[in-house]
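> Quick one: the structure is below, questions incoming.
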Amino acid sequence: MQAFAVLVAVTLTVVAAGLAVRTVVSMISLIRLGQPAVGRTDRPATRTATMLRETFGHSRMLQWTLVGAAHWFVFVGFGFLFLTLATAYGQVFSPSFALPLIGHWAPFEWLTEIIAWLMLVSIGVLIAVRQRNHPDRVGRRSRFSGSTMWQAYYVEWTIVGVGLCIIGLRALEHALQRAQGEDPSWVHFPLTWFVGAAFDELAIPTLETAIVLLALFKIVISMAWLITIALNPTMGVAWHRFSVFFNVWFKRNATGEVALGALLPMHSRGKPVDFEDPAEDDVFGVGVVENFTWKGLLDFSTCTECGRCQSQCPAWNTGKPLSPKLLIMSLRDHAAAKAPYLLAGGGLDAEGNERATAEQLAGVPESAIAEAARPLVGTLEQNGVIDPEVLWSCTTCGACVEQCPVDIEHVDHILDLRRFQVLIESSFPSEANSLLKNLESKQNPWGMQPAARTAWVEEVDFPVRVFGMDGEDTIPADVEYLFWVGCAGALDDRAKKTTKAFAELLHIAGVQFMVLGEGEACSGDPARRLGNEFVYAMLAQQNVETLNEVGARTIVATCPHCFNTLANEYPQLGGHYDVIHHTQLLARLVAEGRLLPVTPVDELVTYHDPCYLGRHNKIYTPPREVLAGVPQLRTQEMHRCKERGFCCGAGGARMWMEERIGKRINHDRVDEALALEPDVISTACPFCLVMLSDSVDQRKAAGEVAESVGVVDVSQLLLRSVRTPAKAP
Ligand code: SF4
Ligand code: SF4
C-alpha cells in the first residue's frame with residue numbers, strides 16, 4: 001500500500017514537473033518573441049520595493065477590501081503552505097514524518113494551522129463572491145462575464161481540497177501521537193486538536209494508513225493542478241501566481257504608478273520612430289501580435305480574468321462590445337495559438353512574404369498556421385482577433401489600468417493597435433476624417449480660422465494680454481502664468497464660458513497672465529488618442545517650438561487633455577514646463593486669500609471627475625477644495641467618483657466619433673448624477689462640459705429634467721461667489 005502510494009506520488013510529480021518546465025520554457029520563448037520594451041529595468045531597487053508592496057502587501061488588490069483581504073490569505077497560503085506539501089511527501093514514506101528542525105516547532109505549527117483555516121475561510125468568501133456575481137445571475141453586468149469559469153472553479157476547489165487535506169493531516173497526526181501513548185499538547189495543534197479528537201478511537205495502523213492516503217491525496221490534488229495548468233498555458237487564473245511578480249517588476253513606472261498620464265512614444269524595434277525619415281523596416285504600431293513588446297505579451301499571460309477592468313469600463317457598461325478583459329484574453333489566446341508558428345520562425349517580412357522556409361513550417365500544426373492567418377483587427381466575417389468596434393469603443397479613460405490588480409497596461413496596447421490601423425491601414429471611423437483634416441489644415445478639431453482663438457478676449461470687460469500684441473517676442477518677466485486656452489476653451493461656446501470665468505478670476509486675484517492667441521495649436525491629444533502619431537507629432541513639435549521660443553515657464557490649462565499632453569508628453573519632445581491645472585491654481589488662490597468667495601451659492605452640486613485630470617494625473621482634491629470654499633454650496637459625490645470615476649465618453653477622440661452601439665456614455669453618467677437631484681453638475685474639463693451638457697439638454701428637451709439644472713465648470717461656480725451680488729449675472 002505504502003509502496004503504491006510512493007510510486008503514484010513520485011510518478012505524478014515527475015510527470016507534472018516535466019510538463020510544467022516544458023510549458024514555462026515555451027511561455028518564456030513566446031514572450032521573448034515580442035519587441036524590445038524600453039525603460040523597464042531602471043531603478044531596480046525601487047522596482048523591487050514596488051513589486052514587494054504590490055504582491056506581498058496586496059496594495060492594489062486591497063482597492064477592493066473584502067476580496068483583497070481574502071485573496072491575501074489565499075496568496076500567503078499558496079506560498080507558505082508549500083511546506084505542508086513537502087511534509088506530505090515525507091508522510092507517504094513515513095506517516096510520522098515531520099520537517100527537520102521546524103516540523104515540531106510550535107510557531108511553525110501555529111502558522112500552518114492559522115493560515116490553513118484562514119485560507120479555507122477566504123476561499124469560501126471568494127467562491128461566494130464569484131457565485132453572487134455569476135454571469136447567469138447578473139448577466140452582462142457580471143465582472144466574470146466572459147471569464148473561463150471552469151478554470152476558476154478548478155483553482156478554487158483545488159485550494160479547498162488542499163486546505164482540507166492540511167487540516168485533516170494535522171488532525172490525524174494528533175490522533176496518531178495520542179494512540180502512540182504521547183499526550184500532544186494543544187500548543188502543537190492549536191486549531192486542529194478538536195478535529196483530531198474525532199479519530200481517537202482508531203488504531204495505530206489505521207491512522208498510519210489514513211495519513212499515507214490523505215498525504216497522497218494532497219499530492220495528487222497538487223500535481224493534478226500543476227499538470228492542468230501546464231496543459232493550459234493560457235490559464236491566467238493560475239499562471240498569474242508566478243508571472244505577477246515579473247509583470248509588476250517590469251511595469252511602466254518603477255515607483256508603482258499605474259500606466260496612465262503620458263502615452264508611450266511610438267517605438268519600432270525598441271527605437272523611437274523618426275517621422276521625418278523613418279527606416280524602411282520600421283513598424284508603426286501593432287499589426288500582428290508579435291509586434292507587441294515582450295512586456296505586452298507578458299501582460300496577456302498574466303491576466304487573471306478577474307474582470308475588475310470590465311466592471312469599470314464605460315464602454316462595456318453601456319453595451320458596447322469592448323471589454324478590456326476580453327480584449328486582453330483574445331490577444332493572449334491568439335498569441336498562444338499562433339506561438340508554434342512563430343517559434344518555428346514564421347512571420348511576414350516588410351514586403352509581406354513568409355520568412356520561414358517550408359521545412360521550418362513542416363512540423364507546425366495546421367491550427368497554428370490558420371491562427372497566424374487571422375487579421376489582428378478585423379470583423380467577424382474577416383475572422384479578426386479584435387473587432388474594429390471593440391478597438392474604436394475605447395475612450396482611453398484608464399479605468400481598466402487603474403483597477404487591474406496585476407498591472408496590465410491596456411491603454412498602451414489599445415493605442416498601439418490603433419496606431420497601426422490609422423497609419424498603415426488608414427482604417428478608422430470615417431467621422432474622424434474631418435477631425436484629422438481640420439487638425440492638419442487649421443490646427444484645431446473644428447476647422448475654425450486661427451483668428452477665432454482670440455474672439456473670447458473681445459467678449460470680456462477686463463484686459464487680457466495676448467502674446468505679441470505689444471510687440472513682445474518673449475513672455476515678459478512679470479507674467480506669472482501662460483494661460484493655455486486650448487481649442488475647446490477658445491472655440492466652443494460652452495467651454496468659452498469656463499475660459500472667461502477663469503480669466504476673470506485671475507484678473508480679480510491680480511494674477512499676471514498671458515495667452516498665446518493665434519500662436520496656440522491643438523495640443524495633439526485627439527490625434528494621438530486616435531492613433532495618428534504623425535499628426536500628433538506635427539502639432540506637438542509646432543507647440544513645443546513656439547513655447548520654447550517665447551520662453552514659456554509656468555503654464556496653466558483649463559483642459560485636462562491639454563494639461564496632460566503639455567505636462568507629461570511634451571517632455572518626450574524636449575518641451576519641459578511647469579504645468580498646472582486651473583483648479584489647482586484656483587484652490588491655491590483661495591487658500592492664499594487672493595480670491596475671496598463670499599457670496600453664498602445655495603445649491604446642491606455633484607462633481608464629475610474628468611478622467612485625464614483624475615485617474616491620469618491624480619488630481620482629485622483641488623476641484624473639491626474650490627467647491628468647498630464657496631459659502632452654502634452643498635456637495636454630494638456620485639457613487640462612481642475619484643479613482644472609480646465614470647468617463648463622460650469624450651476621451652480617446654471619441655468626442656468626434658458617432659456612438660451607435662448601446663446607451664450613450666454621457667447619458668449613463670448624467671443619469672447617475674441626476675439620481676442625486678442636484679441643482680448643478682460641475683466638472684473641470686471642457687470635453688466633459690460639452691458631453692454632460694449635451695445629455696442634460698436632451699433630458700430637458702424631453703421634459704425629464706428641470707430647466708434650472710445646470711452643467712458648469714468649477715471656476716464658474718467660484719466666480720459666482722467671488723463676484724459681488726451686484727455684479728452677478
Ligand atoms: S480605457 Fe476606459 S474605455 Fe478603454 S478599455 Fe479601459 S476602461 Fe474601457
Ligand atoms: S486585465 Fe487585469 S483587471 Fe482585467 S481581468 Fe485581467 S487581471 Fe483582471
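FYI, nothing fancy with the C-alpha cells labels: chains A, B, ... in order, residues from 1 per chain, ligands from 1 as they appear.
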For segment 267-275 of chain A, please output as a list in words all residues within 9 Å (counting only C-alpha atoms; exclusion window: fewer than 5 positions along the same chain).

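Using only C-alpha atoms, the neighbours found are Gln35, Pro36, Ala37, Val38, Asp281, Asp282, Val283, Phe284, Gly285, Asn291, Thr293, Glu533, Phe534 and Ala537 of chain A.
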
> Neighbouring residues of segment 650-662 of chain A were defined as those with any atom within 7 Å, considering only C-alpha atoms; residues of the same chain fewer than 6 positions away were excluded. Please report them as a ChimeraX atom specification.

/A:318-320,394-397,429,431-432,435,526,529-530,687-688,691

> Taking only segment 2-140 of chain A into account, list the residues labelled alpha helix (DSSP H) by DSSP (computed from the backbone), as number ranges by chain.

A: 2-32, 44-55, 65-80, 82-93, 106-132, 135-138

> How would the residues just picked look written out with C-alpha atoms as a compact mmCIF listing (two decimals), in the first residue's frame?


```txt
# COMPACT_ATOMS: atom_id res chain seq x y z
CA GLN A 2 2.73 2.40 1.05
CA ALA A 3 4.86 1.33 -1.93
CA PHE A 4 1.92 2.01 -4.21
CA ALA A 5 1.48 5.47 -2.66
CA VAL A 6 5.16 6.24 -3.15
CA LEU A 7 5.02 5.06 -6.77
CA VAL A 8 1.96 7.21 -7.54
CA ALA A 9 3.38 10.28 -5.78
CA VAL A 10 6.77 10.06 -7.47
CA THR A 11 5.38 9.28 -10.94
CA LEU A 12 2.83 12.06 -10.79
CA THR A 13 5.41 14.53 -9.55
CA VAL A 14 7.91 13.70 -12.27
CA VAL A 15 5.25 13.99 -14.98
CA ALA A 16 3.87 17.25 -13.54
CA ALA A 17 7.30 18.82 -13.12
CA GLY A 18 8.34 17.81 -16.64
CA LEU A 19 5.19 19.23 -18.19
CA ALA A 20 5.43 22.42 -16.13
CA VAL A 21 9.05 23.02 -17.13
CA ARG A 22 8.19 22.42 -20.79
CA THR A 23 5.29 24.90 -20.62
CA VAL A 24 7.31 27.53 -18.78
CA VAL A 25 10.06 27.28 -21.38
CA SER A 26 7.59 27.68 -24.24
CA MET A 27 5.84 30.60 -22.48
CA ILE A 28 9.16 32.37 -21.99
CA SER A 29 10.10 31.68 -25.61
CA LEU A 30 6.83 33.22 -26.76
CA ILE A 31 7.26 36.30 -24.56
CA ARG A 32 10.81 36.74 -25.88
CA PRO A 44 15.92 48.05 -9.79
CA ALA A 45 15.75 48.68 -6.03
CA THR A 46 12.62 50.82 -6.42
CA ARG A 47 11.11 48.26 -8.75
CA THR A 48 11.76 45.52 -6.23
CA ALA A 49 10.17 47.57 -3.45
CA THR A 50 7.13 48.24 -5.66
CA MET A 51 6.84 44.58 -6.55
CA LEU A 52 7.03 43.51 -2.91
CA ARG A 53 4.48 46.13 -1.89
CA GLU A 54 2.03 45.14 -4.60
CA THR A 55 2.41 41.39 -4.20
CA THR A 65 -11.18 45.47 0.58
CA LEU A 66 -13.03 42.21 1.21
CA VAL A 67 -11.86 40.45 -1.93
CA GLY A 68 -8.36 41.85 -1.46
CA ALA A 69 -8.10 40.59 2.12
CA ALA A 70 -9.48 37.15 1.19
CA HIS A 71 -7.10 36.90 -1.75
CA TRP A 72 -4.17 37.84 0.51
CA PHE A 73 -4.75 34.80 2.73
CA VAL A 74 -5.05 32.54 -0.29
CA PHE A 75 -1.86 34.07 -1.72
CA VAL A 76 0.03 33.63 1.55
CA GLY A 77 -1.39 30.15 1.96
CA PHE A 78 -0.20 29.15 -1.51
CA GLY A 79 3.34 30.19 -0.67
CA PHE A 80 3.66 29.25 2.99
CA PHE A 82 4.05 24.72 0.22
CA LEU A 83 5.94 23.38 3.22
CA THR A 84 2.94 21.20 4.04
CA LEU A 85 3.30 19.64 0.59
CA ALA A 86 6.89 18.81 1.44
CA THR A 87 5.62 17.22 4.66
CA ALA A 88 3.07 15.20 2.69
CA TYR A 89 5.85 13.73 0.54
CA GLY A 90 7.64 12.65 3.71
CA GLN A 91 4.43 11.18 5.16
CA VAL A 92 3.91 8.97 2.12
CA PHE A 93 7.20 7.32 3.07
CA ALA A 106 5.26 25.43 17.79
CA PRO A 107 5.46 28.76 15.86
CA PHE A 108 5.59 26.83 12.57
CA GLU A 109 2.67 24.65 13.64
CA TRP A 110 0.64 27.67 14.71
CA LEU A 111 1.32 29.46 11.45
CA THR A 112 0.45 26.38 9.43
CA GLU A 113 -2.90 25.91 11.16
CA ILE A 114 -3.87 29.58 11.29
CA ILE A 115 -3.04 30.11 7.62
CA ALA A 116 -4.77 26.89 6.59
CA TRP A 117 -8.02 27.86 8.34
CA LEU A 118 -7.88 31.44 7.09
CA MET A 119 -7.17 30.20 3.59
CA LEU A 120 -10.22 27.96 3.77
CA VAL A 121 -12.44 30.76 5.03
CA SER A 122 -11.02 33.14 2.42
CA ILE A 123 -11.50 30.80 -0.50
CA GLY A 124 -15.06 30.34 0.76
CA VAL A 125 -15.51 34.11 0.57
CA LEU A 126 -14.06 34.22 -2.95
CA ILE A 127 -16.29 31.36 -4.07
CA ALA A 128 -19.30 33.17 -2.63
CA VAL A 129 -18.31 36.43 -4.35
CA ARG A 130 -17.98 34.62 -7.67
CA GLN A 131 -21.34 32.94 -7.25
CA ARG A 132 -23.06 36.16 -6.19
CA PRO A 135 -23.00 35.82 -15.16
CA ASP A 136 -26.06 33.56 -15.00
CA ARG A 137 -27.35 35.69 -12.14
CA VAL A 138 -26.41 39.21 -13.18
```

> Interatomic distance between atom CA of Glu305 of chain A and atom CA of Ile328 of chain A?

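One can read the atom CA of Glu305 of chain A to atom CA of Ile328 of chain A distance as 9.0 Å.
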
> Taking only C-alpha atoms and all ligand atoms into account, produce a table as JSON lines in which each residue of chain A with an atom at most 7 Å from an atom of ligand 1 appears once, together with its shortest atom pair and the distance in Å to one decimal, ordered by chain and rising number.


```
{"residue": "A:Cys309", "atom": "CA", "partner": "ligand 1", "partner_atom_place_in_ligand_line": "7 (S)", "distance": 6.2}
{"residue": "A:Gln310", "atom": "CA", "partner": "ligand 1", "partner_atom_place_in_ligand_line": "7 (S)", "distance": 6.8}
{"residue": "A:Gln312", "atom": "CA", "partner": "ligand 1", "partner_atom_place_in_ligand_line": "7 (S)", "distance": 5.9}
{"residue": "A:Cys313", "atom": "CA", "partner": "ligand 1", "partner_atom_place_in_ligand_line": "7 (S)", "distance": 3.5}
{"residue": "A:Pro314", "atom": "CA", "partner": "ligand 1", "partner_atom_place_in_ligand_line": "3 (S)", "distance": 5.4}
{"residue": "A:Ala315", "atom": "CA", "partner": "ligand 1", "partner_atom_place_in_ligand_line": "3 (S)", "distance": 5.2}
{"residue": "A:Trp316", "atom": "CA", "partner": "ligand 1", "partner_atom_place_in_ligand_line": "8 (Fe)", "distance": 6.8}
{"residue": "A:Leu322", "atom": "CA", "partner": "ligand 1", "partner_atom_place_in_ligand_line": "5 (S)", "distance": 6.6}
{"residue": "A:Ser323", "atom": "CA", "partner": "ligand 1", "partner_atom_place_in_ligand_line": "5 (S)", "distance": 6.1}
{"residue": "A:Pro324", "atom": "CA", "partner": "ligand 1", "partner_atom_place_in_ligand_line": "5 (S)", "distance": 4.5}
{"residue": "A:Ser393", "atom": "CA", "partner": "ligand 1", "partner_atom_place_in_ligand_line": "3 (S)", "distance": 6.7}
{"residue": "A:Cys394", "atom": "CA", "partner": "ligand 1", "partner_atom_place_in_ligand_line": "4 (Fe)", "distance": 3.7}
{"residue": "A:Thr395", "atom": "CA", "partner": "ligand 1", "partner_atom_place_in_ligand_line": "3 (S)", "distance": 4.3}
{"residue": "A:Thr396", "atom": "CA", "partner": "ligand 1", "partner_atom_place_in_ligand_line": "1 (S)", "distance": 3.6}
{"residue": "A:Cys397", "atom": "CA", "partner": "ligand 1", "partner_atom_place_in_ligand_line": "2 (Fe)", "distance": 3.9}
{"residue": "A:Gly398", "atom": "CA", "partner": "ligand 1", "partner_atom_place_in_ligand_line": "1 (S)", "distance": 4.0}
{"residue": "A:Ala399", "atom": "CA", "partner": "ligand 1", "partner_atom_place_in_ligand_line": "7 (S)", "distance": 4.3}
{"residue": "A:Cys400", "atom": "CA", "partner": "ligand 1", "partner_atom_place_in_ligand_line": "7 (S)", "distance": 4.2}
{"residue": "A:Val401", "atom": "CA", "partner": "ligand 1", "partner_atom_place_in_ligand_line": "6 (Fe)", "distance": 6.5}
{"residue": "A:His410", "atom": "CA", "partner": "ligand 1", "partner_atom_place_in_ligand_line": "6 (Fe)", "distance": 6.4}
{"residue": "A:Val411", "atom": "CA", "partner": "ligand 1", "partner_atom_place_in_ligand_line": "1 (S)", "distance": 5.5}
```

> Hey, which residues come within 6 Å of ligand 2 if we count only C-alpha atoms and all ligand atoms? Could you give them as number ranges by chain?

A: 303-309, 325, 403-406, 408

> Work out how far atom CA of Asn247 of chain A is from atom CA of Gly146 of chain A, in Å to one decimal.

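These two atoms are separated by 23.0 Å.
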
> Mind pulling up the distance from atom CA of Cys562 of chain A to atom CA of Asp470 of chain A?

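Separation between atom CA of Asp470 of chain A and atom CA of Cys562 of chain A: 26.2 Å.
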
> Neighbours of Ala198 of chain A within 10 Å (only C-alpha atoms; same-chain residues fewer than 4 positions away dropped), as a PyMOL selection string?

chain A and resi 171-172+175+193-194+202

> Could you turn the residues from that selection into a file that holds all heavy atoms, as a PDB file, in the first residue's frame?


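Output below, filename selection.pdb:
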```pdb
ATOM      1  N   ALA A 171      -4.969  16.784  12.029  1.00  0.00           N
ATOM      2  CA  ALA A 171      -5.840  16.097  12.989  1.00  0.00           C
ATOM      3  C   ALA A 171      -5.399  14.636  13.153  1.00  0.00           C
ATOM      4  O   ALA A 171      -5.345  14.100  14.271  1.00  0.00           O
ATOM      5  CB  ALA A 171      -7.289  16.169  12.512  1.00  0.00           C
ATOM      6  N   LEU A 172      -5.071  13.988  12.039  1.00  0.00           N
ATOM      7  CA  LEU A 172      -4.624  12.591  12.105  1.00  0.00           C
ATOM      8  C   LEU A 172      -3.284  12.476  12.834  1.00  0.00           C
ATOM      9  O   LEU A 172      -3.040  11.520  13.577  1.00  0.00           O
ATOM     10  CB  LEU A 172      -4.510  12.009  10.696  1.00  0.00           C
ATOM     11  CG  LEU A 172      -5.857  11.734   9.991  1.00  0.00           C
ATOM     12  CD1 LEU A 172      -5.636  11.410   8.515  1.00  0.00           C
ATOM     13  CD2 LEU A 172      -6.611  10.591  10.684  1.00  0.00           C
ATOM     14  N   ALA A 175      -4.080  12.528  16.457  1.00  0.00           N
ATOM     15  CA  ALA A 175      -4.647  11.250  16.898  1.00  0.00           C
ATOM     16  C   ALA A 175      -3.559  10.174  16.966  1.00  0.00           C
ATOM     17  O   ALA A 175      -3.534   9.345  17.892  1.00  0.00           O
ATOM     18  CB  ALA A 175      -5.770  10.829  15.955  1.00  0.00           C
ATOM     19  N   TRP A 193      -6.656  20.179  17.256  1.00  0.00           N
ATOM     20  CA  TRP A 193      -6.739  19.113  18.257  1.00  0.00           C
ATOM     21  C   TRP A 193      -8.172  18.602  18.408  1.00  0.00           C
ATOM     22  O   TRP A 193      -8.408  17.405  18.567  1.00  0.00           O
ATOM     23  CB  TRP A 193      -6.194  19.578  19.614  1.00  0.00           C
ATOM     24  CG  TRP A 193      -6.968  20.742  20.213  1.00  0.00           C
ATOM     25  CD1 TRP A 193      -6.684  22.046  20.081  1.00  0.00           C
ATOM     26  CD2 TRP A 193      -8.165  20.664  21.005  1.00  0.00           C
ATOM     27  NE1 TRP A 193      -7.606  22.827  20.725  1.00  0.00           N
ATOM     28  CE2 TRP A 193      -8.537  21.986  21.307  1.00  0.00           C
ATOM     29  CE3 TRP A 193      -8.946  19.606  21.496  1.00  0.00           C
ATOM     30  CZ2 TRP A 193      -9.654  22.299  22.065  1.00  0.00           C
ATOM     31  CZ3 TRP A 193     -10.062  19.920  22.264  1.00  0.00           C
ATOM     32  CH2 TRP A 193     -10.406  21.255  22.543  1.00  0.00           C
ATOM     33  N   PHE A 194      -9.130  19.533  18.281  1.00  0.00           N
ATOM     34  CA  PHE A 194     -10.520  19.103  18.458  1.00  0.00           C
ATOM     35  C   PHE A 194     -10.997  18.277  17.256  1.00  0.00           C
ATOM     36  O   PHE A 194     -11.875  17.434  17.379  1.00  0.00           O
ATOM     37  CB  PHE A 194     -11.445  20.302  18.685  1.00  0.00           C
ATOM     38  CG  PHE A 194     -11.248  21.424  17.689  1.00  0.00           C
ATOM     39  CD1 PHE A 194     -11.963  21.444  16.506  1.00  0.00           C
ATOM     40  CD2 PHE A 194     -10.338  22.439  17.922  1.00  0.00           C
ATOM     41  CE1 PHE A 194     -11.783  22.466  15.599  1.00  0.00           C
ATOM     42  CE2 PHE A 194     -10.151  23.467  17.005  1.00  0.00           C
ATOM     43  CZ  PHE A 194     -10.869  23.470  15.841  1.00  0.00           C
ATOM     44  N   LEU A 202      -9.343   5.278  16.741  1.00  0.00           N
ATOM     45  CA  LEU A 202      -8.723   4.468  15.683  1.00  0.00           C
ATOM     46  C   LEU A 202      -7.383   3.893  16.143  1.00  0.00           C
ATOM     47  O   LEU A 202      -6.652   4.525  16.909  1.00  0.00           O
ATOM     48  CB  LEU A 202      -8.517   5.316  14.419  1.00  0.00           C
ATOM     49  CG  LEU A 202      -9.799   5.874  13.770  1.00  0.00           C
ATOM     50  CD1 LEU A 202      -9.455   6.648  12.503  1.00  0.00           C
ATOM     51  CD2 LEU A 202     -10.786   4.752  13.440  1.00  0.00           C
TER      52      LEU A 202
END
```

> Got a sec to tell me which of segment 671-711 of chain A DSSP assigns to strand (DSSP E), as a PyMOL selection string?

chain A and resi 680-683+710-711

> Could you name the residues that touch segment 344-352 of chain A at 9 Å or less, counting only C-alpha atoms, but leaving out those on the same chain fewer than 2 positions away, as a list in words?

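Once the adjacent positions are removed, what remains is Glu280, Asp281, Asp282, Val283, Glu290, Ala339, Pro340, Tyr341, Leu342, Glu354, Arg355, Ala356, Thr357, Gln360, Leu361, Gly363, Val364, Ile369 and Ala372 of chain A.
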
> With N, CA and C atoms retained, could you export that selection as a tab-separated table (two decimals), in the first residue's frame?


```tsv
chain	number	residue	atom	x	y	z
A	280	GLU	N	13.10	51.88	-43.50
A	280	GLU	CA	12.23	51.10	-44.40
A	280	GLU	C	11.48	50.00	-43.68
A	281	ASP	N	12.16	49.41	-42.68
A	281	ASP	CA	11.51	48.30	-42.00
A	281	ASP	C	10.90	48.72	-40.66
A	282	ASP	N	10.70	50.02	-40.47
A	282	ASP	CA	10.05	50.46	-39.23
A	282	ASP	C	8.64	49.90	-39.14
A	283	VAL	N	8.25	49.52	-37.94
A	283	VAL	CA	6.89	49.01	-37.70
A	283	VAL	C	6.12	50.12	-37.00
A	290	GLU	N	2.99	39.64	-32.69
A	290	GLU	CA	4.41	39.69	-32.30
A	290	GLU	C	4.99	41.10	-32.39
A	339	ALA	N	1.68	30.70	-31.40
A	339	ALA	CA	3.05	30.51	-30.91
A	339	ALA	C	3.85	29.44	-31.67
A	340	PRO	N	3.28	28.24	-31.95
A	340	PRO	CA	4.10	27.23	-32.64
A	340	PRO	C	4.60	27.73	-34.00
A	341	TYR	N	3.77	28.50	-34.67
A	341	TYR	CA	4.17	29.06	-35.97
A	341	TYR	C	5.30	30.07	-35.79
A	342	LEU	N	5.14	30.94	-34.81
A	342	LEU	CA	6.17	31.97	-34.57
A	342	LEU	C	7.48	31.33	-34.11
A	354	GLU	N	6.41	35.38	-46.56
A	354	GLU	CA	6.70	34.48	-45.44
A	354	GLU	C	8.21	34.34	-45.25
A	355	ARG	N	8.64	34.53	-44.00
A	355	ARG	CA	10.08	34.45	-43.71
A	355	ARG	C	10.56	33.01	-43.60
A	356	ALA	N	9.71	32.17	-43.09
A	356	ALA	CA	10.15	30.80	-42.80
A	356	ALA	C	10.12	29.94	-44.06
A	357	THR	N	11.00	28.96	-44.11
A	357	THR	CA	11.00	28.03	-45.23
A	357	THR	C	9.94	26.95	-44.99
A	360	GLN	N	10.96	24.63	-42.31
A	360	GLN	CA	10.77	25.15	-40.94
A	360	GLN	C	9.33	24.99	-40.48
A	361	LEU	N	8.41	25.18	-41.41
A	361	LEU	CA	7.00	25.14	-41.02
A	361	LEU	C	6.41	23.74	-41.10
A	363	GLY	N	6.61	21.06	-39.33
A	363	GLY	CA	6.04	20.43	-38.14
A	363	GLY	C	5.02	21.28	-37.40
A	364	VAL	N	4.71	22.44	-37.96
A	364	VAL	CA	3.79	23.35	-37.25
A	364	VAL	C	2.35	22.89	-37.43
A	369	ILE	N	-1.00	27.58	-38.04
A	369	ILE	CA	-0.88	28.26	-39.34
A	369	ILE	C	-2.17	29.04	-39.60
A	372	ALA	N	-2.31	32.11	-37.48
A	372	ALA	CA	-1.41	33.15	-37.97
A	372	ALA	C	-2.03	33.92	-39.13
```

> Which of these, A:Ala684, A:Ala490, A:Ile102, A:Leu633, has the shortest distance to Phe563 of chain A once you count only C-alpha atoms?

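Among the listed residues, A:Ala684 lies closest to Phe563 of chain A.
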